[in-house]
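Heads up: the structure comes next, in structure tokens.
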Amino acid sequence: MRRAGHVVRQALNVVRNAVKPGATTLDLENVAEACIRDLGARPAFKGYHGFPCVLCTSVNSEVVHGIPSPKRVLREGDIVSVDCGAIVDGFYGDAAITVPVGDRVAPEATRLLRVTEASLHAGIAAVRPGATLGDVGAAVQKVVEAEGFSVVRDFVGHGIGSHMHEEPQVPNFGVAGRGMKLRAGMVIAIEPMVNAGKPDVLVLDDGWTAVAADGSLSAHFEHTVAVTDTGSRILTE
Ligand code: MG
Ligand code: MG
């Protein structure tokens, strides 16, 4: 899974470098697919429940599951979340970043990205044997809500291994001390989706793209994280 995680990270790195005003979300898809295949891995998302692409690319008020398109041109000041999965020898890696487009992103958008990434790392910091999924969710939620943003409830993180989505569900909200206890050897994908406005989402007519119902900006960061004997190890760094 470490090897799959490395592939995902390298693909996200080439995508980050390709994000600029005038690029399309299909341009991002193409560099990611080339990177994954050059590394001898397989993309995890393409064909998953019929999803057509290697990446999910979600711009501005799109929360997750946006479909790359030659018609979707990135503009100065946008933010774009990029979610990527890869398979190596039957094991999965899954990670996401949200990237500012150009140099003139609004301070509020910059703050949303910083807080969402910080909430992911707060969740990871709560991972250790004996901690509960409620501890993880509560740690994420506290960081997000302290900044006046909201945690999306309709999508959650997940166990991951020889399938992309395994038990248990890993909510980005919760009550400390509640929920399943973590044990060494478990691997989970923690993936806060954070809206600048209200947490409600809608799915567009394409059947995939989830958007913030109030049209507010949304960000998404994700790591695949192993529970170790002493704490945790991020597999997608
Ligand atoms: Mg993902
Ligand atoms: Mg995931």
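Residues are referred to by chain and number: the chain letter is A, B, ... according to the order shown in the structure tokens, the number counts from 1 in that chain, and ligands are numbered separately from 1 in the order shown.
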List as a short mmCIF file (atom, residue, chain, number, x, y, z; two decimals) with N, CA, C and O atoms, in the first residue's frame the protein and nucleic acid residues lying within 7 Å of ligand 1, with only C-alpha atoms and all ligand atoms counted.
```
data_model
loop_
_atom_site.label_atom_id
_atom_site.label_comp_id
_atom_site.auth_asym_id
_atom_site.auth_seq_id
_atom_site.Cartn_x
_atom_site.Cartn_y
_atom_site.Cartn_z
N ASP A 83 -8.65 14.54 -6.68
CA ASP A 83 -8.66 13.30 -5.93
C ASP A 83 -8.15 12.21 -6.86
O ASP A 83 -8.55 12.15 -8.03
N CYS A 84 -7.23 11.36 -6.35
CA CYS A 84 -6.58 10.36 -7.20
C CYS A 84 -6.41 9.05 -6.46
O CYS A 84 -6.11 9.05 -5.26
N GLY A 85 -6.62 7.95 -7.16
CA GLY A 85 -6.37 6.63 -6.58
C GLY A 85 -5.55 5.78 -7.54
O GLY A 85 -5.65 5.95 -8.76
N ASP A 94 -5.07 6.25 -2.01
CA ASP A 94 -6.13 7.22 -2.29
C ASP A 94 -5.76 8.52 -1.57
O ASP A 94 -5.51 8.49 -0.35
N ALA A 95 -5.70 9.63 -2.31
CA ALA A 95 -5.36 10.91 -1.68
C ALA A 95 -5.93 12.05 -2.49
O ALA A 95 -6.24 11.89 -3.68
N ALA A 96 -6.07 13.20 -1.85
CA ALA A 96 -6.61 14.38 -2.54
C ALA A 96 -5.93 15.64 -2.03
O ALA A 96 -5.50 15.70 -0.86
N GLU A 222 -7.00 14.66 1.46
CA GLU A 222 -7.10 13.26 1.85
C GLU A 222 -5.73 12.61 1.92
O GLU A 222 -4.88 12.87 1.08
#
```
Find the residues near ligand 2. Use a cut-off of 10 Å, count only C-alpha atoms and all ligand atoms, and write them as a list in words. Asp83, Cys84, Gly85, Gly93, Asp94, Ala95, Ala96, Phe155, Val156, Gly157, His158, Gly159, Ile160, Met164, His165, Val170, Ile188, Ala189, Ile190, Glu191, Pro192, Phe221, Glu222, His223 and Thr224 of chain A
Pick from A:Met186, A:Ile124, A:Ala34, A:Val54 nearest to Val227 (chain A), counting only C-alpha atoms: A:Met186
Closest atom pairs, region 64-177 of chain A residues within 6 Å of region 199-211 of chain A, only C-alpha atoms, as a tab-separated table:
```
residue	atom	partner	partner_atom	distance
A:Val64	CA	A:Ala210	CA	5.5
A:His65	CA	A:Thr209	CA	4.9
A:Gly66	CA	A:Thr209	CA	4.5
A:Ser150	CA	A:Pro199	CA	5.4
A:Val151	CA	A:Pro199	CA	5.8
A:Val152	CA	A:Pro199	CA	4.7
```
Could you please write out, as a PyMOL selection string, every residue of region 44-213 of chain A that DSSP assigns to helix (DSSP H, G or I)? chain A and resi 48-50+107-125+133-146
Export of prior selection with N, CA and C atoms as a short mmCIF file (atom, residue, chain, number, x, y, z; two decimals), in the first residue's frame:
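Wrote it out as result_21.cif, contents follow:
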```cif
data_model
loop_
_atom_site.label_atom_id
_atom_site.label_comp_id
_atom_site.auth_asym_id
_atom_site.auth_seq_id
_atom_site.Cartn_x
_atom_site.Cartn_y
_atom_site.Cartn_z
N TYR A 48 -14.67 2.70 -11.92
CA TYR A 48 -15.22 2.37 -10.59
C TYR A 48 -16.67 2.84 -10.53
N HIS A 49 -17.60 1.89 -10.41
CA HIS A 49 -19.04 2.21 -10.47
C HIS A 49 -19.37 3.06 -11.70
N GLY A 50 -18.58 2.88 -12.77
CA GLY A 50 -18.84 3.60 -14.01
C GLY A 50 -18.23 4.98 -14.09
N PRO A 107 -8.33 35.82 -0.17
CA PRO A 107 -7.88 35.41 1.16
C PRO A 107 -8.79 34.37 1.81
N GLU A 108 -10.11 34.49 1.59
CA GLU A 108 -11.05 33.53 2.18
C GLU A 108 -10.84 32.13 1.61
N ALA A 109 -10.54 32.05 0.32
CA ALA A 109 -10.28 30.74 -0.30
C ALA A 109 -8.96 30.16 0.22
N THR A 110 -7.97 31.02 0.36
CA THR A 110 -6.68 30.57 0.89
C THR A 110 -6.84 30.03 2.31
N ARG A 111 -7.66 30.73 3.10
CA ARG A 111 -7.91 30.29 4.47
C ARG A 111 -8.65 28.95 4.49
N LEU A 112 -9.61 28.78 3.57
CA LEU A 112 -10.35 27.51 3.48
C LEU A 112 -9.39 26.35 3.18
N LEU A 113 -8.46 26.56 2.27
CA LEU A 113 -7.51 25.49 1.94
C LEU A 113 -6.64 25.17 3.16
N ARG A 114 -6.15 26.20 3.82
CA ARG A 114 -5.25 26.00 4.96
C ARG A 114 -5.97 25.26 6.09
N VAL A 115 -7.21 25.67 6.38
CA VAL A 115 -7.97 25.05 7.48
C VAL A 115 -8.33 23.60 7.14
N THR A 116 -8.71 23.34 5.90
CA THR A 116 -9.08 21.98 5.52
C THR A 116 -7.89 21.04 5.63
N GLU A 117 -6.72 21.50 5.15
CA GLU A 117 -5.52 20.65 5.27
C GLU A 117 -5.14 20.46 6.74
N ALA A 118 -5.27 21.53 7.52
CA ALA A 118 -4.96 21.42 8.96
C ALA A 118 -5.91 20.44 9.65
N SER A 119 -7.17 20.42 9.23
CA SER A 119 -8.13 19.51 9.85
C SER A 119 -7.79 18.06 9.52
N LEU A 120 -7.30 17.82 8.30
CA LEU A 120 -6.85 16.46 7.94
C LEU A 120 -5.72 16.04 8.88
N HIS A 121 -4.77 16.94 9.10
CA HIS A 121 -3.62 16.57 9.94
C HIS A 121 -4.02 16.43 11.41
N ALA A 122 -5.03 17.16 11.83
CA ALA A 122 -5.56 16.96 13.20
C ALA A 122 -6.19 15.58 13.31
N GLY A 123 -6.90 15.16 12.29
CA GLY A 123 -7.48 13.82 12.28
C GLY A 123 -6.40 12.75 12.32
N ILE A 124 -5.37 12.93 11.52
CA ILE A 124 -4.27 11.95 11.49
C ILE A 124 -3.58 11.89 12.86
N ALA A 125 -3.44 13.04 13.49
CA ALA A 125 -2.76 13.08 14.80
C ALA A 125 -3.53 12.31 15.86
N LEU A 133 -12.85 5.95 16.10
CA LEU A 133 -13.20 6.76 14.92
C LEU A 133 -13.84 8.07 15.35
N GLY A 134 -14.54 8.08 16.47
CA GLY A 134 -15.09 9.34 16.99
C GLY A 134 -14.00 10.32 17.36
N ASP A 135 -12.88 9.82 17.89
CA ASP A 135 -11.75 10.70 18.20
C ASP A 135 -11.23 11.38 16.92
N VAL A 136 -11.15 10.60 15.84
CA VAL A 136 -10.65 11.14 14.57
C VAL A 136 -11.60 12.20 14.03
N GLY A 137 -12.90 11.84 13.97
CA GLY A 137 -13.89 12.78 13.44
C GLY A 137 -14.00 14.05 14.26
N ALA A 138 -13.96 13.89 15.57
CA ALA A 138 -14.06 15.06 16.45
C ALA A 138 -12.86 15.99 16.26
N ALA A 139 -11.68 15.41 16.05
CA ALA A 139 -10.47 16.23 15.87
C ALA A 139 -10.57 17.05 14.58
N VAL A 140 -11.08 16.42 13.51
CA VAL A 140 -11.26 17.14 12.24
C VAL A 140 -12.28 18.26 12.42
N GLN A 141 -13.44 17.90 12.97
CA GLN A 141 -14.57 18.83 13.10
C GLN A 141 -14.18 20.06 13.92
N LYS A 142 -13.42 19.85 15.00
CA LYS A 142 -13.06 20.96 15.89
C LYS A 142 -12.27 22.02 15.14
N VAL A 143 -11.30 21.60 14.33
CA VAL A 143 -10.47 22.55 13.58
C VAL A 143 -11.33 23.32 12.58
N VAL A 144 -12.22 22.61 11.89
CA VAL A 144 -13.04 23.24 10.85
C VAL A 144 -14.00 24.26 11.46
N GLU A 145 -14.72 23.85 12.50
CA GLU A 145 -15.78 24.70 13.05
C GLU A 145 -15.22 25.88 13.84
N ALA A 146 -14.00 25.72 14.39
CA ALA A 146 -13.36 26.85 15.09
C ALA A 146 -13.10 28.01 14.14
#
```
Could you please write out, as an NGL selection string, every residue of region 75-159 of chain A that DSSP assigns to strand (DSSP E or B)? :A and (79-88 or 91-100 or 132 or 150-151 or 157-159)
Atoms to include: C-alpha atoms. Write the selected residues as an mmCIF file, in the first residue's frame.
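Everything below was put into again23.cif:
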```
data_model
loop_
_atom_site.group_PDB
_atom_site.id
_atom_site.type_symbol
_atom_site.label_atom_id
_atom_site.label_comp_id
_atom_site.auth_asym_id
_atom_site.auth_seq_id
_atom_site.Cartn_x
_atom_site.Cartn_y
_atom_site.Cartn_z
ATOM 1 C CA ILE A 79 -9.542 26.548 -6.461
ATOM 2 C CA VAL A 80 -9.533 22.981 -7.778
ATOM 3 C CA SER A 81 -9.642 19.824 -5.710
ATOM 4 C CA VAL A 82 -7.973 16.804 -7.247
ATOM 5 C CA ASP A 83 -8.662 13.299 -5.928
ATOM 6 C CA CYS A 84 -6.580 10.365 -7.203
ATOM 7 C CA GLY A 85 -6.367 6.634 -6.585
ATOM 8 C CA ALA A 86 -3.918 3.997 -7.813
ATOM 9 C CA ILE A 87 -3.527 0.214 -7.582
ATOM 10 C CA VAL A 88 -0.189 -1.614 -7.214
ATOM 11 C CA PHE A 91 -3.531 -2.802 -3.190
ATOM 12 C CA TYR A 92 -4.933 0.708 -3.226
ATOM 13 C CA GLY A 93 -3.778 4.236 -2.422
ATOM 14 C CA ASP A 94 -6.135 7.224 -2.289
ATOM 15 C CA ALA A 95 -5.358 10.910 -1.675
ATOM 16 C CA ALA A 96 -6.612 14.378 -2.539
ATOM 17 C CA ILE A 97 -5.348 17.953 -2.561
ATOM 18 C CA THR A 98 -6.962 21.296 -3.295
ATOM 19 C CA VAL A 99 -4.841 23.719 -5.295
ATOM 20 C CA PRO A 100 -5.163 27.476 -5.904
ATOM 21 C CA THR A 132 -11.765 5.554 18.214
ATOM 22 C CA SER A 150 -18.605 23.439 7.979
ATOM 23 C CA VAL A 151 -17.875 19.723 7.561
ATOM 24 C CA GLY A 157 -13.634 8.614 4.614
ATOM 25 C CA HIS A 158 -13.262 4.844 4.564
ATOM 26 C CA GLY A 159 -11.211 1.766 5.185
#
```
Shell around Ala184 (chain A) at 8 Å using only C-alpha atoms, local window under 6 positions removed, as a ChimeraX atom specification: /A:128-129,226-229
Output file for the residues above (N, CA and C atoms, as a PDB file, in the first residue's frame):
```pdb
ATOM      1  N   ARG A 128      -4.220   6.293  16.542  1.00  0.00           N
ATOM      2  CA  ARG A 128      -3.285   5.418  17.273  1.00  0.00           C
ATOM      3  C   ARG A 128      -4.085   4.220  17.751  1.00  0.00           C
ATOM      4  N   PRO A 129      -3.411   3.117  18.079  1.00  0.00           N
ATOM      5  CA  PRO A 129      -4.160   1.955  18.579  1.00  0.00           C
ATOM      6  C   PRO A 129      -4.937   2.337  19.841  1.00  0.00           C
ATOM      7  N   ALA A 226      -2.032   4.404   7.766  1.00  0.00           N
ATOM      8  CA  ALA A 226      -1.972   3.108   8.453  1.00  0.00           C
ATOM      9  C   ALA A 226      -1.888   3.331   9.956  1.00  0.00           C
ATOM     10  N   VAL A 227      -2.612   2.502  10.712  1.00  0.00           N
ATOM     11  CA  VAL A 227      -2.470   2.496  12.168  1.00  0.00           C
ATOM     12  C   VAL A 227      -1.280   1.592  12.500  1.00  0.00           C
ATOM     13  N   THR A 228      -0.300   2.126  13.217  1.00  0.00           N
ATOM     14  CA  THR A 228       0.895   1.358  13.588  1.00  0.00           C
ATOM     15  C   THR A 228       0.845   1.025  15.080  1.00  0.00           C
ATOM     16  N   ASP A 229       1.839   0.281  15.546  1.00  0.00           N
ATOM     17  CA  ASP A 229       1.871  -0.082  16.979  1.00  0.00           C
ATOM     18  C   ASP A 229       1.944   1.147  17.870  1.00  0.00           C
TER      19      ASP A 229
END
```
If you count only C-alpha atoms, which residues fall within 12 Å of Asp38 (chain A), apart from same-chain ones fewer than 4 positions away, as a VMD selection string? chain A and resid 7 10 to 11 31 to 34 42 to 43
Suppose we keep N, CA, C and O atoms; can you now write the selection as a PDB file, in the first residue's frame?
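Once everything was written out, this is out-v4.pdb:
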```pdb
ATOM      1  N   VAL A   7       2.686   6.204  -5.731  1.00  0.00           N
ATOM      2  CA  VAL A   7       2.219   6.499  -7.084  1.00  0.00           C
ATOM      3  C   VAL A   7       1.204   7.645  -7.046  1.00  0.00           C
ATOM      4  O   VAL A   7       1.267   8.597  -7.835  1.00  0.00           O
ATOM      5  N   GLN A  10       2.953  10.962  -6.439  1.00  0.00           N
ATOM      6  CA  GLN A  10       3.670  11.473  -7.618  1.00  0.00           C
ATOM      7  C   GLN A  10       2.684  12.006  -8.645  1.00  0.00           C
ATOM      8  O   GLN A  10       2.937  13.040  -9.283  1.00  0.00           O
ATOM      9  N   ALA A  11       1.559  11.319  -8.829  1.00  0.00           N
ATOM     10  CA  ALA A  11       0.552  11.813  -9.776  1.00  0.00           C
ATOM     11  C   ALA A  11      -0.002  13.164  -9.319  1.00  0.00           C
ATOM     12  O   ALA A  11      -0.155  14.089 -10.124  1.00  0.00           O
ATOM     13  N   VAL A  31      -2.191  14.289 -17.574  1.00  0.00           N
ATOM     14  CA  VAL A  31      -0.852  14.163 -16.962  1.00  0.00           C
ATOM     15  C   VAL A  31      -0.880  13.131 -15.838  1.00  0.00           C
ATOM     16  O   VAL A  31       0.096  12.401 -15.628  1.00  0.00           O
ATOM     17  N   ALA A  32      -1.996  13.053 -15.131  1.00  0.00           N
ATOM     18  CA  ALA A  32      -2.098  12.066 -14.048  1.00  0.00           C
ATOM     19  C   ALA A  32      -2.103  10.646 -14.597  1.00  0.00           C
ATOM     20  O   ALA A  32      -1.400   9.763 -14.088  1.00  0.00           O
ATOM     21  N   GLU A  33      -2.870  10.428 -15.657  1.00  0.00           N
ATOM     22  CA  GLU A  33      -2.937   9.066 -16.203  1.00  0.00           C
ATOM     23  C   GLU A  33      -1.586   8.624 -16.747  1.00  0.00           C
ATOM     24  O   GLU A  33      -1.145   7.488 -16.508  1.00  0.00           O
ATOM     25  N   ALA A  34      -0.880   9.538 -17.427  1.00  0.00           N
ATOM     26  CA  ALA A  34       0.451   9.203 -17.963  1.00  0.00           C
ATOM     27  C   ALA A  34       1.400   8.858 -16.817  1.00  0.00           C
ATOM     28  O   ALA A  34       2.170   7.891 -16.896  1.00  0.00           O
ATOM     29  N   ARG A  42      -1.962   1.012 -11.899  1.00  0.00           N
ATOM     30  CA  ARG A  42      -3.240   1.190 -12.578  1.00  0.00           C
ATOM     31  C   ARG A  42      -4.051   2.251 -11.856  1.00  0.00           C
ATOM     32  O   ARG A  42      -4.007   2.329 -10.620  1.00  0.00           O
ATOM     33  N   PRO A  43      -4.792   3.064 -12.604  1.00  0.00           N
ATOM     34  CA  PRO A  43      -5.678   4.033 -11.941  1.00  0.00           C
ATOM     35  C   PRO A  43      -6.825   3.307 -11.235  1.00  0.00           C
ATOM     36  O   PRO A  43      -7.337   2.312 -11.748  1.00  0.00           O
TER      37      PRO A  43
END
```
Between A:Ser232, A:Ser61, A:Asn17, A:Ser162, which one has atoms that come closest to Gly185 (chain A), using only C-alpha atoms?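 Nearest candidate to Gly185 (chain A) out of A:Ser232, A:Ser61, A:Asn17, A:Ser162: A:Ser232.
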Could you check the closest approach to Asn60 (chain A) for each of A:Ser216, A:Thr236, A:Gln169, A:Asn30 and tell me which residue wins, using only C-alpha atoms?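 Ranked by minimum distance to Asn60 (chain A), first place goes to A:Ser216.
Atom pair CA of Thr230 (chain A) / CA of Val175 (chain A) has a distance of 22.7 Å (rounded to one decimal).
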Report, in Å to a single decimal, how far apart CA of Arg104 (chain A) and CA of Gly77 (chain A) are.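 Computing it gives 5.2 Å between the two atoms.
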